[in-house]
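With mmCIF, C-alpha atoms inside, this is input01.cif:
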data_final
#
loop_
_atom_site.label_atom_id
_atom_site.label_comp_id
_atom_site.auth_asym_id
_atom_site.auth_seq_id
_atom_site.Cartn_x
_atom_site.Cartn_y
_atom_site.Cartn_z
CA VAL A 1 75.17 118.04 88.78
CA ALA A 2 76.52 116.71 85.49
CA GLU A 3 77.72 119.17 82.84
CA MET A 4 79.23 118.63 79.40
CA TYR A 5 81.56 120.96 77.53
CA GLN A 6 79.84 121.92 74.26
CA TRP A 7 79.52 124.41 71.46
CA ALA A 8 76.82 127.06 71.93
CA GLU A 9 75.34 129.42 69.36
CA LYS A 10 74.56 133.07 70.05
CA LYS A 11 72.24 134.92 67.70
CA THR A 12 72.28 138.71 67.52
CA LYS A 13 69.72 140.70 65.53
CA LYS A 14 70.03 144.31 64.44
CA SER A 15 67.41 146.35 62.57
CA VAL A 16 68.65 148.87 60.02
CA LYS A 17 66.36 151.51 58.54
CA LYS A 18 66.30 152.13 54.82
CA THR A 19 65.20 155.22 52.94
CA GLY A 20 61.46 155.05 52.48
CA GLY A 21 60.65 153.63 55.91
CA SER A 22 61.48 149.94 55.38
CA LYS A 23 63.63 148.01 57.81
CA THR A 24 66.20 145.29 57.22
CA THR A 25 67.10 142.83 59.95
CA ILE A 26 70.71 141.69 60.02
CA THR A 27 71.33 138.48 61.98
CA THR A 28 74.82 137.62 63.21
CA TYR A 29 75.78 134.18 64.54
CA SER A 30 78.71 133.57 66.88
CA TYR A 31 79.93 130.39 68.54
CA ASN A 32 81.69 129.69 71.82
CA LYS A 33 82.26 126.70 74.09
CA LYS A 34 80.68 126.42 77.51
CA TRP A 35 79.60 123.95 80.18
CA SER A 36 75.93 122.97 79.95
CA PRO A 37 73.82 120.54 82.06
CA VAL A 38 71.79 119.57 78.95
CA VAL A 39 72.74 118.50 75.44
CA ILE A 40 72.90 121.41 72.98
CA ASN A 41 71.65 120.24 69.58
CA SER A 42 74.31 121.41 67.14
CA ASP A 43 72.28 120.15 64.16
CA LYS A 44 70.10 123.25 64.53
CA PHE A 45 73.05 125.65 64.36
CA GLN A 46 73.16 128.04 61.44
CA GLU A 47 76.73 126.87 60.85
CA SER A 48 76.96 123.33 62.18
CA TYR A 49 80.20 122.45 60.36
CA GLY A 50 83.08 122.60 62.82
CA HIS A 51 80.67 123.06 65.77
CA ASP A 52 79.57 119.47 66.38
CA ASN A 53 78.34 118.40 69.83
CA PRO A 54 77.78 114.83 71.09
CA ASP A 55 74.21 113.61 70.69
CA VAL A 56 73.86 112.33 74.26
CA MET A 57 75.41 112.79 77.69
CA LYS A 58 76.78 109.65 79.27
CA TYR A 59 75.79 110.96 82.70
CA GLU A 60 72.87 113.24 83.58
CA SER A 61 72.03 115.35 86.64
CA SER A 62 69.84 113.80 89.32
CA THR A 63 68.37 114.88 92.64
CA TRP A 64 67.57 112.52 95.50
CA THR A 65 65.27 113.56 98.35
CA ALA A 66 65.16 111.83 101.70
CA ALA A 67 62.02 109.78 102.21
CA LYS A 68 61.48 111.28 105.66
CA VAL A 69 62.37 114.83 106.68
CA THR A 70 61.26 115.98 110.11
CA LEU A 71 60.91 119.16 112.14
CA GLY A 72 60.74 118.03 115.73
CA ALA A 73 57.92 115.52 115.91
CA PHE A 74 56.39 116.61 112.58
CA ASN A 75 57.04 115.18 109.13
CA LEU A 76 57.60 117.81 106.44
CA PRO A 77 55.57 117.47 103.23
CA SER A 78 57.50 117.39 99.95
CA SER A 79 56.25 120.88 99.06
CA GLU A 80 58.10 122.29 102.08
CA VAL A 81 61.16 120.09 101.77
CA SER A 82 61.75 121.39 98.23
CA ARG A 83 61.88 124.98 99.59
CA ILE A 84 64.89 124.25 101.82
CA ASN A 85 67.70 125.31 99.49
CA THR A 86 70.74 125.56 101.75
CA TRP A 87 72.91 123.60 99.33
CA THR A 88 76.58 123.03 100.18
CA ASN A 89 79.29 121.22 98.24
CA LYS A 90 79.76 117.59 99.20
CA PRO A 91 83.40 116.39 99.08
CA VAL A 92 84.01 113.15 97.19
CA PRO A 93 85.90 110.24 98.78
CA ASP A 94 89.68 110.37 98.71
CA SER A 95 90.83 109.15 95.29
CA ASN A 96 93.71 107.28 96.93
CA ASN A 97 91.20 105.01 98.64
CA THR A 98 88.76 104.79 95.74
CA ALA A 99 89.33 102.89 92.51
CA LEU A 100 88.36 105.20 89.64
CA PRO A 101 87.62 104.00 86.09
CA SER A 102 90.09 104.85 83.36
CA GLY A 103 89.80 108.47 82.17
CA VAL A 104 88.15 109.67 85.40
CA LYS A 105 89.96 112.19 87.60
CA PRO A 106 89.08 113.90 90.90
CA TYR A 107 87.90 117.45 90.17
CA GLY A 108 87.09 119.84 93.03
CA THR A 109 84.06 118.38 94.77
CA GLY A 110 83.44 115.84 92.02
CA TYR A 111 84.94 113.98 89.09
CA TYR A 112 86.18 114.92 85.63
CA PHE A 113 85.71 112.71 82.58
CA GLY A 114 88.33 113.83 80.08
CA GLU A 115 92.02 114.27 79.45
CA ASN A 116 92.84 117.63 81.05
CA PRO A 117 90.50 119.64 83.33
CA SER A 118 92.54 122.81 82.70
CA SER A 119 92.04 122.48 78.94
CA PRO A 120 88.55 120.99 78.40
CA GLN A 121 87.53 119.54 75.06
CA VAL A 122 84.07 119.24 73.53
CA GLY A 123 82.42 116.16 75.03
CA ASP A 124 84.25 116.29 78.38
CA ILE A 125 82.00 115.87 81.41
CA LYS A 126 82.35 117.09 84.98
CA ILE A 127 80.21 115.92 87.89
CA THR A 128 79.90 117.75 91.19
CA TYR A 129 77.90 116.88 94.29
CA SER A 130 75.86 119.09 96.62
CA VAL A 131 73.86 118.27 99.72
CA VAL A 132 71.37 119.97 102.06
CA LEU A 133 72.52 119.26 105.59
CA PRO A 134 70.23 119.35 108.67
CA THR A 135 69.47 122.98 109.45
CA ASP A 136 67.12 125.20 111.45
CA ILE A 137 63.92 126.33 109.74
CA THR A 138 60.89 128.39 110.73
CA ILE A 139 57.41 127.46 109.50
CA VAL A 140 54.10 129.28 109.70
CA ALA A 141 51.37 126.79 108.74
CA GLN A 142 48.63 124.61 110.21
CA GLN A 143 49.44 121.43 112.09
CA SER A 144 47.51 118.44 110.80
CA GLU A 145 47.99 114.77 111.70
CA GLY A 146 51.70 114.97 112.38
CA THR A 147 52.55 117.21 109.44
CA PHE A 148 51.94 120.75 108.15
CA VAL A 149 49.32 121.99 105.69
CA PRO A 150 48.55 125.53 104.45
CA PHE A 151 46.30 127.51 106.79
CA VAL A 152 43.17 128.64 104.93
CA THR A 153 42.06 132.18 105.83
CA ASN A 154 38.51 133.49 105.98
CA ASN A 155 38.82 135.22 102.59
CA GLY A 156 39.95 132.03 100.86
CA GLY A 157 43.68 132.73 100.92
CA SER A 158 46.32 130.44 102.37
CA ILE A 159 49.35 130.84 104.64
CA ASP A 160 52.30 128.50 104.26
CA LEU A 161 55.55 130.31 105.11
CA LEU A 162 58.99 128.75 105.40
CA LYS A 163 62.43 130.28 105.96
CA THR A 164 65.76 128.79 106.91
CA GLY A 165 66.84 130.04 110.33
CA VAL A 166 65.02 130.79 113.57
CA TYR A 167 62.63 133.78 113.46
CA GLY A 168 59.63 135.13 115.33
CA LYS A 169 56.13 135.31 113.91
CA ASP A 170 56.30 139.08 113.43
CA PHE A 171 59.40 138.78 111.26
CA MET A 172 57.83 136.01 109.17
CA PHE A 173 54.67 137.98 108.46
CA ASP A 174 56.60 141.21 107.76
CA ALA A 175 58.88 139.34 105.35
CA ALA A 176 55.87 137.84 103.58
CA LYS A 177 54.26 141.29 103.26
CA ASN A 178 57.46 142.76 101.82
CA GLU A 179 57.75 139.93 99.30
CA ASN A 180 54.13 140.45 98.31
CA LYS A 181 54.72 144.20 97.84
CA ALA A 182 57.80 143.55 95.70
CA ALA A 183 55.89 141.07 93.54
CA THR A 184 52.98 143.51 93.18
CA TRP A 185 55.23 146.37 92.05
CA LEU A 186 57.02 144.07 89.62
CA ILE A 187 53.66 143.20 88.05
CA ARG A 188 52.78 146.90 87.84
CA ILE A 189 56.07 147.77 86.16
CA ILE A 190 55.55 144.95 83.67
CA GLY A 191 52.03 146.27 83.04
CA ILE A 192 53.38 149.77 82.33
CA CYS A 193 55.95 148.34 79.91
CA VAL A 194 53.25 146.31 78.13
CA MET A 195 51.09 149.44 77.92
CA TYR A 196 54.05 151.33 76.43
CA CYS A 197 54.53 148.63 73.79
CA GLY A 198 50.83 148.76 72.89
CA VAL A 199 50.74 152.54 72.51
CA SER A 200 54.00 152.45 70.52
CA MET A 201 52.50 149.93 68.09
CA VAL A 202 49.43 152.12 67.61
CA LEU A 203 51.58 155.19 66.85
CA ASP A 204 54.21 153.30 64.85
CA PRO A 205 52.62 154.21 61.45
CA ILE A 206 53.59 157.84 62.17
CA VAL A 207 57.24 156.80 62.38
CA VAL A 208 56.96 154.71 59.22
CA LEU A 209 55.48 157.63 57.26
CA SER A 210 58.15 159.98 58.61
CA ASP A 211 60.96 157.62 57.59
CA VAL A 212 60.69 158.91 54.02
CA LEU A 213 63.20 161.49 55.27
CA PRO A 214 65.69 159.76 57.61
CA PHE A 215 66.25 162.74 59.95
CA LEU A 216 62.49 163.30 60.21
CA GLY A 217 61.96 159.60 61.03
CA ASN A 218 64.46 159.76 63.89
CA ILE A 219 62.71 162.81 65.36
CA ALA A 220 59.32 161.13 65.01
CA GLU A 221 60.61 157.97 66.68
CA ILE A 222 61.83 159.93 69.71
CA GLY A 223 58.55 161.85 69.90
CA VAL A 224 56.42 158.71 69.63
CA SER A 225 58.52 157.01 72.33
CA LEU A 226 58.06 159.94 74.74
CA ILE A 227 54.32 160.16 74.05
CA SER A 228 53.96 156.40 74.52
CA TRP A 229 55.70 156.52 77.91
CA VAL A 230 53.55 159.43 79.09
CA VAL A 231 50.32 157.73 77.99
CA ALA A 232 51.39 154.40 79.48
CA ILE A 233 52.33 155.90 82.85
CA ILE A 234 49.21 158.07 83.12
CA THR A 235 46.87 155.24 82.10
CA SER A 236 48.52 152.77 84.45
CA PHE A 237 48.42 155.20 87.39
CA VAL A 238 44.73 155.89 86.77
CA VAL A 239 43.92 152.15 86.67
CA ILE A 240 45.88 151.57 89.90
CA ALA A 241 44.18 154.56 91.54
CA VAL A 242 40.69 153.31 90.61
CA ALA A 243 41.52 149.93 92.17
CA TRP A 244 42.63 151.67 95.39
CA VAL A 245 39.78 154.17 95.78
CA PHE A 246 38.01 152.16 98.49
CA TYR A 247 41.01 150.43 100.08
CA ARG A 248 43.65 153.21 100.05
CA PRO A 249 41.89 156.47 99.18
CA ILE A 250 44.89 158.66 100.06
CA VAL A 251 47.16 156.71 97.71
CA ALA A 252 44.47 156.85 95.03
CA ILE A 253 44.18 160.63 95.37
CA VAL A 254 47.97 161.00 95.10
CA LEU A 255 48.06 158.87 91.95
CA PHE A 256 45.18 160.84 90.40
CA ALA A 257 47.03 164.07 91.25
CA VAL A 258 50.30 162.83 89.75
CA SER A 259 48.50 161.69 86.59
CA GLY A 260 46.76 165.05 86.28
CA ALA A 261 50.02 166.93 86.84
CA VAL A 262 51.85 164.92 84.19
CA LEU A 263 48.97 165.46 81.77
CA ALA A 264 48.93 169.22 82.49
CA VAL A 265 52.67 169.80 82.01
CA PRO A 266 52.56 170.06 78.18
CA PHE A 267 49.64 172.52 78.29
CA PHE A 268 51.38 174.60 80.97
CA LEU A 269 54.60 174.78 78.97
CA LYS A 270 52.70 175.69 75.83
CA LYS A 271 50.77 178.43 77.62
CA LYS A 272 53.94 179.78 79.24
CA GLY A 273 55.70 179.83 75.88
CA SER A 274 52.82 181.74 74.28
CA LYS A 275 52.91 184.41 77.01
CA SER A 276 56.67 184.84 76.66
CA VAL A 277 56.39 185.38 72.91
CA SER A 278 53.50 187.85 73.15
CA GLY A 279 55.13 189.79 76.00
CA GLU A 280 58.48 190.42 74.29
CA PRO A 281 58.71 193.64 72.24
CA THR A 282 59.74 193.13 68.65
CA GLU A 283 62.57 194.99 66.99
CA SER A 284 60.23 196.99 64.76
CA THR A 285 58.19 198.16 67.77
CA GLU A 286 61.28 199.43 69.52
CA LEU A 287 62.32 201.42 66.49
CA LEU A 288 58.91 203.12 66.25
CA VAL A 289 59.07 204.14 69.90
#

Can you turn what I pasted into structure tokens?
Amino acid sequence: VAEMYQWAEKKTKKSVKKTGGSKTTITTYSYNKKWSPVVINSDKFQESYGHDNPDVMKYESSTWTAAKVTLGAFNLPSSEVSRINTWTNKPVPDSNNTALPSGVKPYGTGYYFGENPSSPQVGDIKITYSVVLPTDITIVAQQSEGTFVPFVTNNGGSIDLLKTGVYGKDFMFDAAKNENKAATWLIRIIGICVMYCGVSMVLDPIVVLSDVLPFLGNIAEIGVSLISWVVAIITSFVVIAVAWVFYRPIVAIVLFAVSGAVLAVPFFLKKKGSKSVSGEPTESTELLV
């Protein structure tokens, strides 16, 4: 891995409300130095003066893959080789026995191109080496002509599992199921957030109209945010429940029940509040009695 010490720009935006509902965006730019594996184009900086980066890197990162990687008597396809990520640092040869060009110094598990590694300057480069050593792996796939290919299931899906280490088939399938569940819930959470953004945009005019009075706009913004979350969660749960009616009816019923309960809470609180008000004797009534 080759990295060059460069200037980097950080852009921070902040929206400020004005009286009348309009918003002003204030953008702040800050600059700091960091190591980067790619060239950062300083010409596009808001303030390029004093933050100049080199146009090119003398050395760039590269990855070499062995032409033949085997598991027992089977050759691994490149798609499986790329999934073996047990990288470890590879020590460089002893500098005492290796003639280094001028300006190059040993640095950890690599080399440093610059004056002082403890005080890097813009344009300095450091190169480190990593390697994947022979290791144990477990594969669940179909054997085909001395290699492995994905196993095609009856429903059109495919199975091509790989993990570093030695595991049984039950562990491999359980791990795949858990990963699938995690990915599914991540997609659902993203869907709920997208739904929230959509509902918020629909109700945003209410906030804009309320911003005529700043304190009223803040209250409206909180109210719209709460309503948007409630609508997003209920709608998403209903959609998920409909999809699960035939496959997981119990889960679907639970989701329908939760959605109904969340929807009924405001009406229940309103009804309870009305009863409390009507049931309390007023001061004038007590005086008449």

Could you give me, as JSON lines, a per-residue list for range 98-189 of chain A showing, wherever an atom lies at most 12 Å from an atom of range 44-65 of chain A, the closest pair of atoms and their distance in Å to one decimal, using all atoms listed in the file and sorting by chain then residue number from low to high?
{"residue": "A:Tyr111", "atom": "CA", "partner": "A:Tyr59", "partner_atom": "CA", "distance": 11.6}
{"residue": "A:Tyr112", "atom": "CA", "partner": "A:Tyr59", "partner_atom": "CA", "distance": 11.5}
{"residue": "A:Phe113", "atom": "CA", "partner": "A:Lys58", "partner_atom": "CA", "distance": 10.0}
{"residue": "A:Gln121", "atom": "CA", "partner": "A:Asn53", "partner_atom": "CA", "distance": 10.6}
{"residue": "A:Val122", "atom": "CA", "partner": "A:Asn53", "partner_atom": "CA", "distance": 6.9}
{"residue": "A:Gly123", "atom": "CA", "partner": "A:Pro54", "partner_atom": "CA", "distance": 6.2}
{"residue": "A:Asp124", "atom": "CA", "partner": "A:Met57", "partner_atom": "CA", "distance": 9.5}
{"residue": "A:Ile125", "atom": "CA", "partner": "A:Tyr59", "partner_atom": "CA", "distance": 8.0}
{"residue": "A:Lys126", "atom": "CA", "partner": "A:Tyr59", "partner_atom": "CA", "distance": 9.3}
{"residue": "A:Ile127", "atom": "CA", "partner": "A:Ser61", "partner_atom": "CA", "distance": 8.3}
{"residue": "A:Thr128", "atom": "CA", "partner": "A:Ser61", "partner_atom": "CA", "distance": 9.4}
{"residue": "A:Tyr129", "atom": "CA", "partner": "A:Ser61", "partner_atom": "CA", "distance": 9.8}
{"residue": "A:Ser130", "atom": "CA", "partner": "A:Thr63", "partner_atom": "CA", "distance": 9.5}
{"residue": "A:Val131", "atom": "CA", "partner": "A:Trp64", "partner_atom": "CA", "distance": 9.5}
{"residue": "A:Val132", "atom": "CA", "partner": "A:Thr65", "partner_atom": "CA", "distance": 9.6}
{"residue": "A:Leu133", "atom": "CA", "partner": "A:Thr65", "partner_atom": "CA", "distance": 11.7}

Residues of the last selection are to be written out with C-alpha atoms, as a PDB file, in the coordinates of the input.
ATOM      1  CA  TYR A 111      84.940 113.980  89.090  1.00  0.00           C
ATOM      2  CA  TYR A 112      86.180 114.920  85.630  1.00  0.00           C
ATOM      3  CA  PHE A 113      85.710 112.710  82.580  1.00  0.00           C
ATOM      4  CA  GLN A 121      87.530 119.540  75.060  1.00  0.00           C
ATOM      5  CA  VAL A 122      84.070 119.240  73.530  1.00  0.00           C
ATOM      6  CA  GLY A 123      82.420 116.160  75.030  1.00  0.00           C
ATOM      7  CA  ASP A 124      84.250 116.290  78.380  1.00  0.00           C
ATOM      8  CA  ILE A 125      82.000 115.870  81.410  1.00  0.00           C
ATOM      9  CA  LYS A 126      82.350 117.090  84.980  1.00  0.00           C
ATOM     10  CA  ILE A 127      80.210 115.920  87.890  1.00  0.00           C
ATOM     11  CA  THR A 128      79.900 117.750  91.190  1.00  0.00           C
ATOM     12  CA  TYR A 129      77.900 116.880  94.290  1.00  0.00           C
ATOM     13  CA  SER A 130      75.860 119.090  96.620  1.00  0.00           C
ATOM     14  CA  VAL A 131      73.860 118.270  99.720  1.00  0.00           C
ATOM     15  CA  VAL A 132      71.370 119.970 102.060  1.00  0.00           C
ATOM     16  CA  LEU A 133      72.520 119.260 105.590  1.00  0.00           C
TER      17      LEU A 133
END

| request: Take the PyMOL selection byres ((chain A and resi 236-249) around 12), apply it to the structure above, and return the hits as a VMD selection string. | output: chain A and resid 184 to 185 187 to 196 228 to 235 250 to 263

How would the residues just chosen look if you wrote them out with C-alpha atoms as a short mmCIF file (atom, residue, chain, number, x, y, z; two decimals), keeping the file's coordinate frame?
data_model
loop_
_atom_site.label_atom_id
_atom_site.label_comp_id
_atom_site.auth_asym_id
_atom_site.auth_seq_id
_atom_site.Cartn_x
_atom_site.Cartn_y
_atom_site.Cartn_z
CA THR A 184 52.98 143.51 93.18
CA TRP A 185 55.23 146.37 92.05
CA ILE A 187 53.66 143.20 88.05
CA ARG A 188 52.78 146.90 87.84
CA ILE A 189 56.07 147.77 86.16
CA ILE A 190 55.55 144.95 83.67
CA GLY A 191 52.03 146.27 83.04
CA ILE A 192 53.38 149.77 82.33
CA CYS A 193 55.95 148.34 79.91
CA VAL A 194 53.25 146.31 78.13
CA MET A 195 51.09 149.44 77.92
CA TYR A 196 54.05 151.33 76.43
CA SER A 228 53.96 156.40 74.52
CA TRP A 229 55.70 156.52 77.91
CA VAL A 230 53.55 159.43 79.09
CA VAL A 231 50.32 157.73 77.99
CA ALA A 232 51.39 154.40 79.48
CA ILE A 233 52.33 155.90 82.85
CA ILE A 234 49.21 158.07 83.12
CA THR A 235 46.87 155.24 82.10
CA ILE A 250 44.89 158.66 100.06
CA VAL A 251 47.16 156.71 97.71
CA ALA A 252 44.47 156.85 95.03
CA ILE A 253 44.18 160.63 95.37
CA VAL A 254 47.97 161.00 95.10
CA LEU A 255 48.06 158.87 91.95
CA PHE A 256 45.18 160.84 90.40
CA ALA A 257 47.03 164.07 91.25
CA VAL A 258 50.30 162.83 89.75
CA SER A 259 48.50 161.69 86.59
CA GLY A 260 46.76 165.05 86.28
CA ALA A 261 50.02 166.93 86.84
CA VAL A 262 51.85 164.92 84.19
CA LEU A 263 48.97 165.46 81.77
#

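The residues returned by the PyMOL selection byres ((chain A and resi 136) around 7) on the shown structure are Thr135, Ile137, Thr164, Gly165 and Val166 of chain A.
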
To box range 153-166 of chain A, take all atoms listed in the file, fit an axis-aligned box, add 6 Å on each side, and give centre and edge lengths in Å to one decimal, as JSON.
{"center_x": 52.7, "center_y": 131.9, "center_z": 107.2, "size_x": 40.3, "size_y": 18.7, "size_z": 24.7}

| Residues returned when the PyMOL selection byres ((chain A and resi 206) around 12) runs on this file, as a count of residues only | 24

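Taking CA of Asn116 in chain A and CA of Asn89 in chain A as the two end points, the separation is 22.2 Å.
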
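Neighbours of Tyr31 in chain A closer than or equal to 7 Å, with only C-alpha atoms counted and sequence neighbours fewer than 3 positions away skipped, come out as Trp7, Ala8, Glu9 and Lys10 of chain A.
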
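Note that the spacing between CA of Ala73 in chain A and CA of Val149 in chain A amounts to 14.8 Å.
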
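Computed from the coordinates, the CA of Gly146 in chain A to CA of Phe74 in chain A distance equals 5.0 Å.
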
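When all atoms listed in the file are used to measure the gap to Asn32 in chain A, the shortest distance among A:Ser82, A:Asn178, A:Asn154, A:Gln6 belongs to A:Gln6.
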